[in-house]
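K.L.:
Handing you this structure, nothing more for now.
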Amino acid sequence: MSRVADSKESPMDVTPILEVRDFHKAFGGLVAINRLSFKANQGEILAIIGPNGAGKTTLFNMINRFQPASGGEILFEGKSIKELSPARVAAVGIARTFQILQLFSNMSVVENVMVGRHLRSKGGMLATGLRMPFTRREERNMFDAAMGKLTMMDLKKEAFSSPLSLPYGRQKTLEIARALATEPKLLLLDEPAGGLSTQEIEQLAQLIKRIRDGGITILLVEHRMELVMGIADRVIVLNYGSKIGEGTPAEIQSNEEVINAYLGVEF
Amino acid sequence: MENVKRTRYASLALFMIIVIVIPFVVKSPYLITIGIFIGLYALISLGLSLLMGYAGQVSMGQSAFYGIGAYVSAILTMKCGVNPWLAMILAALFSTFMAGLLGMVVLRLEGHLLAVATLALCIVFYTIFAQWKSMTGGVDGMPGIPKLSIGGFTLTRDVHYYYLIWAFLTVILIFSFNVVDSRVGRALRSIHHFQGGSEMAAKSLGISPMKYKIQVFMLSAAYAGIAGSLYVHWLSLVTPSSFGFLTSIYPLIIVSLGGQGSLWGAIIGAAVFFIVAEAFRALVPILKPGTSGEYEILAWGLMIILVMQFLPRGLVSIPDILRGKGKTKG
């Protein structure tokens with residue numbers, strides 16, 4: 001709604017879709033996220049990198065409200081989402097994938113993606129139980145939309161198989177398809193390249209770029225530098241929950257502090 | 001997809017034929033009574049199957065909702081002169097409402113704690129039924145509950161109630177299939193964390209696990225409430241002893257026996273459960289004269305052990321196993 005109001009279409013469109021201010025998270029004495037502020041601009045691929053334990057996944061969990069922030073503010077399209085439930089966060093347009101795959105193995109591939117259409121349909125228990133006409137239409141639409149996503153991801157042939165029967169890399173793609181089925185404005189990808197071969201990473205890079213070109217802003221947590229440096233518009237580097245660097249991939253690769261903390265001198 | 005539907009319709013047709021034919025073949029009034037109990041418990045188990053087999057939430061308190069349905073029907077017809085059919089609707093609604101209220105509290109718990117909390121519901125409501133004498137008639141219960149009638153024809157004989165209960169069961173089974181095959185059914189499966197669901201993923205896709213847990217708990221209570229109402233109008237009598245601990249345990253055994261995550265499992269489980277128990281009751285005194293019929297409890301134990309050991313996916317998985325597709329999955 002507000003999107004219509006502030007779409008000024010200026011050539012230098014810098015309205016941030018996501019703004020994190022002074023984000024703070026402590027588990028007892030351990031500070032996981034330390035007064036972190038950053039912005040994600042509409043339509044960019046923003047990568048977040050950093051050594052293990054830097055707080056990257058915690059940050060994602062704070063953005064989609066799995067974990068409450070100890071302090072700070074988070075704005076999505078200019079509105080605070082700090083008090084929303086995770087399900088509401090999904091409803092405003094933030095989808096995500098998981099570092100450890102969270103596919104529904106008790107459903108087929110296409111059903112997994114159809115769950116992604118949950119927010120785009122309404123039939124409740126009574127309406128679906130009575131098979132009211134609108135629920136049948138919805139069901140057909142959900143199925144068609146899910147098949148569309150699977151076709152896009154080249155998973156159509158496996159639509160009726162169990163997700164567990166897919167190779168690992170395809171399972172990761174399926175999780176992205178499911179997240180995309182919610183039609184998000186912002187997509188959080190948590191280590192999508194983990195466990196993939198070089199060739200698969202190549203395909204993943206193309207896929208992520210295609211998603212971005214479709215108008216979806218992407219926040220990417222990733223360890224594989226060949227992916228990050230290849231596709232990210234900007235990179236943020238975390239270490240012990242603090243931001244130690246921010247800039248274009250080229251700037252990051254020549255940043256003294258980042259090299260010492262994470263990339264290593266030889267990079 | 002089409003194949004699944006065709007099998008579904010064929011199974012339903014076969015099911016209805018069997019249900020209709022049985023009273024023509026089985027003449028013993030006692031066995032018709034068993035048929036009524038199978039129907040009533042299949043109805044309760046159907047609700048539990050949705051709750052436990054689909055959404056992964058255990059309940060040991062279904063007897064409470066069965067009892068609420070029974071007592072609300074009894075009290076409304078006896079004390080307020082309400083039409084029995086209207087009383088049945090109100091009983092189901094009240095049972096559903098109570099489940100919503102109680103569900104908001106107990107469904108915050110998980111696993112064993114949820115089992116214990118729902119078991120507490122079973123005990124609390126049993127105590128209310130037994131002790132609130134002015135309202136429920138205490139341990140003696142309430143006799144003389146009016147029979148149901150359809151357009152001036154009063155249902156008096158057991159076989160009438162057999163058909164009525166199985167007709168209800170058929171309609172509710174179809175309703176349940178529709179729910180399971182819909183976005184609601186997928187939402188329920190998505191939060192079943194023991195069996196391939198993931199609450200985290202569900203939330204990230206906009207599903208509120210709590211909302212669906214409460215809704216399916218309410219649905220299971222509605223089924224149990226309807227069963228309770230049918231039960232008292234058939235028997236014309238309500239006593240608290242029908243809603244004790246075992247009444248909550250039977251559906252659990254039935255669902256495990258038939259197969260979790262299968263709606264047919266609830267019905268097949270109920271049938272096998274009662275038939276084997278009856279067979280034991282008849283057989284043991286023949287083999288060992290002088291014993292009374294309490295040996296059916298052995299049959300239940302035996303059934304649970306055998307199914308857990310050899311058929312973890314329940315009796316409904318037998319055809320798959322025979323076809324060689326029964327390899328245990330994840």
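As shown in the structure tokens, the chain order sets the letters A, B, ...; within each chain, residues go from 1, and ligands are also counted from 1 in the order they appear.
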Mind dumping a table of every chain A residue within 6 Å of chain B, with the nearest atom pair and its distance in Å to one decimal, using only C-alpha atoms, sorted by chain and rising number, as a tab-separated table?
P.N.:
```
residue	atom	partner	partner_atom	distance
A:Pro86	CA	B:Lys203	CA	5.6
A:Ala87	CA	B:Gly206	CA	3.8
A:Ala90	CA	B:Gly206	CA	4.9
A:Ala91	CA	B:Gly206	CA	5.8
A:Gln102	CA	B:Ala201	CA	5.9
A:Phe104	CA	B:Gly197	CA	4.9
A:Ser105	CA	B:Gly196	CA	4.5
A:Asn106	CA	B:Gly196	CA	4.9
A:Gly116	CA	B:Leu205	CA	5.6
A:Thr128	CA	B:Val179	CA	5.4
A:Gly129	CA	B:Val179	CA	4.6
```
K.L.:
Save the residues we just selected, C-alpha atoms, as an mmCIF file, in the first residue's frame?
P.N.:
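Dumped to part39.cif:
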```cif
data_model
loop_
_atom_site.group_PDB
_atom_site.id
_atom_site.type_symbol
_atom_site.label_atom_id
_atom_site.label_comp_id
_atom_site.auth_asym_id
_atom_site.auth_seq_id
_atom_site.Cartn_x
_atom_site.Cartn_y
_atom_site.Cartn_z
ATOM 1 C CA PRO A 86 7.067 -14.435 12.174
ATOM 2 C CA ALA A 87 3.896 -15.303 10.256
ATOM 3 C CA ALA A 90 5.949 -13.269 5.989
ATOM 4 C CA ALA A 91 2.650 -11.555 5.246
ATOM 5 C CA GLN A 102 13.493 -27.098 6.371
ATOM 6 C CA PHE A 104 8.304 -30.580 4.479
ATOM 7 C CA SER A 105 9.243 -34.200 3.908
ATOM 8 C CA ASN A 106 5.658 -35.266 4.641
ATOM 9 C CA GLY A 116 4.200 -21.145 -0.024
ATOM 10 C CA THR A 128 -12.458 -26.254 2.653
ATOM 11 C CA GLY A 129 -14.250 -29.050 4.514
#
```
K.L.:
For B:Gly103, work out the shell of residues within 12 Å, counting only C-alpha atoms and skipping chain neighbours fewer than 3 positions away, then give it as number ranges by chain.
P.N.:
B: 51, 57-59, 61, 65, 95-100, 106-109, 114, 117-118, 121, 210-221
K.L.:
Could you give me, as a PyMOL selection string, each residue of stretch 27-263 of chain B that DSSP assigns to helix (DSSP H, G or I) when run on this structure's backbone?
P.N.:
chain B and resi 29-54+62-79+84-106+111-131+133-136+138-140+158-180+183-190+199-204+209-235+240-243+245-258+263
K.L.:
Between atom CA of B:Ser256 and atom CA of B:Ala115, what distance in Å does the model show, to one decimal?
P.N.:
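For atom CA of B:Ser256 relative to atom CA of B:Ala115, the distance reads 15.0 Å.
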K.L.:
Taking the DSSP secondary structure from the backbone, can you list the residues of stretch 51-133 of chain A that are strand (DSSP E), as number ranges by chain?
P.N.:
A: 71-76, 79-80, 94-96
K.L.:
Excluding A:Gly169 and its own-chain neighbours fewer than 6 positions away, which residues fall within 12 Å of it when counting only C-alpha atoms? Please give them as a PDB file with C-alpha atoms, in the first residue's frame.
P.N.:
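The resulting out_16.pdb:
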```pdb
ATOM      1  CA  LEU A 101      17.020 -27.302   4.994  1.00  0.00           C
ATOM      2  CA  MET A 153      13.305 -23.836 -11.416  1.00  0.00           C
ATOM      3  CA  LEU A 155      11.782 -29.042 -11.024  1.00  0.00           C
ATOM      4  CA  PRO A 163      11.522 -33.709  -1.646  1.00  0.00           C
ATOM      5  CA  GLU A 175      13.342 -24.235  -0.770  1.00  0.00           C
ATOM      6  CA  ILE A 176      13.962 -21.085  -2.785  1.00  0.00           C
ATOM      7  CA  PRO A 192      22.263 -21.118  -0.248  1.00  0.00           C
ATOM      8  CA  ALA A 193      25.598 -22.310  -1.651  1.00  0.00           C
ATOM      9  CA  GLY A 194      26.539 -24.464   1.343  1.00  0.00           C
ATOM     10  CA  GLY A 195      27.322 -27.992   0.183  1.00  0.00           C
ATOM     11  CA  LEU A 196      26.988 -27.196  -3.515  1.00  0.00           C
ATOM     12  CA  SER A 197      29.485 -28.036  -6.261  1.00  0.00           C
ATOM     13  CA  THR A 198      31.218 -25.290  -8.230  1.00  0.00           C
ATOM     14  CA  GLN A 199      28.940 -25.950 -11.154  1.00  0.00           C
ATOM     15  CA  GLU A 200      25.839 -25.804  -8.971  1.00  0.00           C
ATOM     16  CA  ILE A 201      27.039 -22.511  -7.486  1.00  0.00           C
ATOM     17  CA  GLU A 202      27.280 -21.164 -11.012  1.00  0.00           C
ATOM     18  CA  GLN A 203      23.638 -22.052 -11.623  1.00  0.00           C
ATOM     19  CA  LEU A 204      22.646 -20.664  -8.251  1.00  0.00           C
TER      20      LEU A 204
END
```
K.L.:
Which one of B:Ile68, B:Met104, B:Ala167, B:Leu237 sits closest to B:Val19 if you count only C-alpha atoms?
P.N.:
B:Ala167
K.L.:
Might you pull out every residue within 6 Å of stretch 93-96 of chain A, with only C-alpha atoms counted and same-chain residues fewer than 5 positions away left off, and present them as a PyMOL selection string?
P.N.:
chain A and resi 179+184-189
K.L.:
Leaving out B:Ala64 and any residue of its chain fewer than 5 positions from it, which residues lie within 8 Å of it when counting only C-alpha atoms, given as a PyMOL selection string?
P.N.:
chain B and resi 121-123+125-126+243+248
K.L.:
Please measure the separation of atom CA of A:Pro68 and atom CA of A:Val20, giving the value in Å to one decimal.
P.N.:
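Separation between atom CA of A:Pro68 and atom CA of A:Val20: 13.5 Å.
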K.L.:
For a test of reading the model, state the distance in Å between atom CA of A:Leu263 and atom CA of A:Ala32, rounded to one decimal.
P.N.:
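Distance reported for this atom pair: 20.4 Å.
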K.L.:
So that I can check the surroundings of B:Phe37, please list as a PyMOL selection string every protein, DNA and RNA residue that reaches within 12 Å of it, counting only C-alpha atoms and ignoring chain neighbours fewer than 4 positions away.
P.N.:
chain B and resi 30-33+41-45+158+161-162+165-166+169+227-228+230-231+234-235+242+247+250-251+267+270-275+278
K.L.:
Restricting the output to N, CA and C atoms, write the selected residues as a short mmCIF file (atom, residue, chain, number, x, y, z; two decimals), in the first residue's frame.
P.N.:
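After the write, result.cif holds the following:
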```cif
data_model
loop_
_atom_site.label_atom_id
_atom_site.label_comp_id
_atom_site.auth_asym_id
_atom_site.auth_seq_id
_atom_site.Cartn_x
_atom_site.Cartn_y
_atom_site.Cartn_z
N TYR B 30 -26.46 -57.95 19.60
CA TYR B 30 -25.23 -57.62 20.32
C TYR B 30 -24.17 -57.08 19.36
N LEU B 31 -24.05 -57.75 18.22
CA LEU B 31 -23.04 -57.31 17.26
C LEU B 31 -23.38 -55.95 16.65
N ILE B 32 -24.68 -55.66 16.53
CA ILE B 32 -25.06 -54.33 16.05
C ILE B 32 -24.61 -53.27 17.06
N THR B 33 -24.75 -53.61 18.34
CA THR B 33 -24.26 -52.70 19.39
C THR B 33 -22.76 -52.45 19.23
N TYR B 41 -16.56 -44.57 18.21
CA TYR B 41 -15.12 -44.39 18.45
C TYR B 41 -14.37 -44.03 17.18
N ALA B 42 -14.87 -44.49 16.03
CA ALA B 42 -14.25 -44.07 14.77
C ALA B 42 -14.40 -42.56 14.60
N LEU B 43 -15.55 -42.04 15.03
CA LEU B 43 -15.80 -40.60 14.94
C LEU B 43 -14.82 -39.82 15.82
N ILE B 44 -14.67 -40.26 17.06
CA ILE B 44 -13.72 -39.59 17.96
C ILE B 44 -12.30 -39.73 17.41
N SER B 45 -11.99 -40.93 16.91
CA SER B 45 -10.63 -41.19 16.42
C SER B 45 -10.32 -40.40 15.17
N ASP B 158 -31.77 -50.35 17.81
CA ASP B 158 -30.32 -50.20 17.69
C ASP B 158 -29.90 -50.01 16.25
N TYR B 161 -29.95 -46.56 14.98
CA TYR B 161 -28.82 -45.75 15.42
C TYR B 161 -27.53 -46.18 14.76
N TYR B 162 -27.45 -47.46 14.47
CA TYR B 162 -26.29 -47.93 13.70
C TYR B 162 -26.20 -47.15 12.39
N ILE B 165 -25.50 -43.29 12.98
CA ILE B 165 -24.13 -42.99 13.38
C ILE B 165 -23.16 -43.16 12.22
N TRP B 166 -23.37 -44.23 11.45
CA TRP B 166 -22.45 -44.44 10.32
C TRP B 166 -22.70 -43.44 9.20
N LEU B 169 -20.82 -40.53 10.34
CA LEU B 169 -19.40 -40.81 10.17
C LEU B 169 -18.98 -40.61 8.72
N ALA B 227 -20.25 -37.23 18.60
CA ALA B 227 -20.28 -38.64 19.01
C ALA B 227 -20.98 -38.77 20.37
N GLY B 228 -20.65 -37.87 21.30
CA GLY B 228 -21.24 -37.92 22.63
C GLY B 228 -22.75 -37.73 22.59
N LEU B 230 -24.77 -38.29 19.98
CA LEU B 230 -25.37 -39.48 19.36
C LEU B 230 -25.47 -40.62 20.37
N TYR B 231 -24.41 -40.73 21.15
CA TYR B 231 -24.33 -41.81 22.13
C TYR B 231 -25.48 -41.75 23.15
N TRP B 234 -28.95 -42.43 21.69
CA TRP B 234 -29.11 -43.87 21.42
C TRP B 234 -29.41 -44.63 22.71
N LEU B 235 -28.58 -44.36 23.74
CA LEU B 235 -28.66 -45.13 24.97
C LEU B 235 -29.79 -44.65 25.87
N SER B 242 -18.92 -43.52 31.46
CA SER B 242 -18.63 -43.65 30.02
C SER B 242 -17.52 -42.71 29.57
N THR B 247 -11.75 -44.13 28.05
CA THR B 247 -12.42 -43.54 26.89
C THR B 247 -11.47 -42.61 26.12
N TYR B 250 -8.71 -45.30 24.39
CA TYR B 250 -9.13 -46.07 23.20
C TYR B 250 -8.81 -45.35 21.89
N PRO B 251 -9.22 -44.09 21.73
CA PRO B 251 -8.92 -43.44 20.44
C PRO B 251 -7.43 -43.38 20.14
N ILE B 267 -10.92 -45.44 11.04
CA ILE B 267 -12.09 -46.31 10.95
C ILE B 267 -11.69 -47.78 10.99
N ALA B 270 -10.62 -48.57 14.51
CA ALA B 270 -11.74 -48.75 15.43
C ALA B 270 -12.37 -50.13 15.24
N ALA B 271 -12.56 -50.52 13.98
CA ALA B 271 -13.19 -51.81 13.71
C ALA B 271 -12.34 -52.95 14.25
N VAL B 272 -11.05 -52.93 13.94
CA VAL B 272 -10.17 -54.02 14.38
C VAL B 272 -10.07 -54.04 15.90
N PHE B 273 -9.95 -52.86 16.47
CA PHE B 273 -9.84 -52.74 17.92
C PHE B 273 -11.01 -53.44 18.64
N PHE B 274 -12.23 -53.12 18.23
CA PHE B 274 -13.39 -53.69 18.92
C PHE B 274 -13.61 -55.16 18.57
N ILE B 275 -13.34 -55.53 17.31
CA ILE B 275 -13.57 -56.91 16.91
C ILE B 275 -12.59 -57.85 17.61
N GLU B 278 -13.53 -58.11 21.25
CA GLU B 278 -14.70 -58.98 21.43
C GLU B 278 -14.34 -60.44 21.24
#
```
K.L.:
Which is closer to B:Val21 than all the others in B:Leu93, B:Val159, B:Leu283, B:Val82, using only C-alpha atoms?
P.N.:
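Looking only at the distances to B:Val21, the closest residue turns out to be B:Val159.
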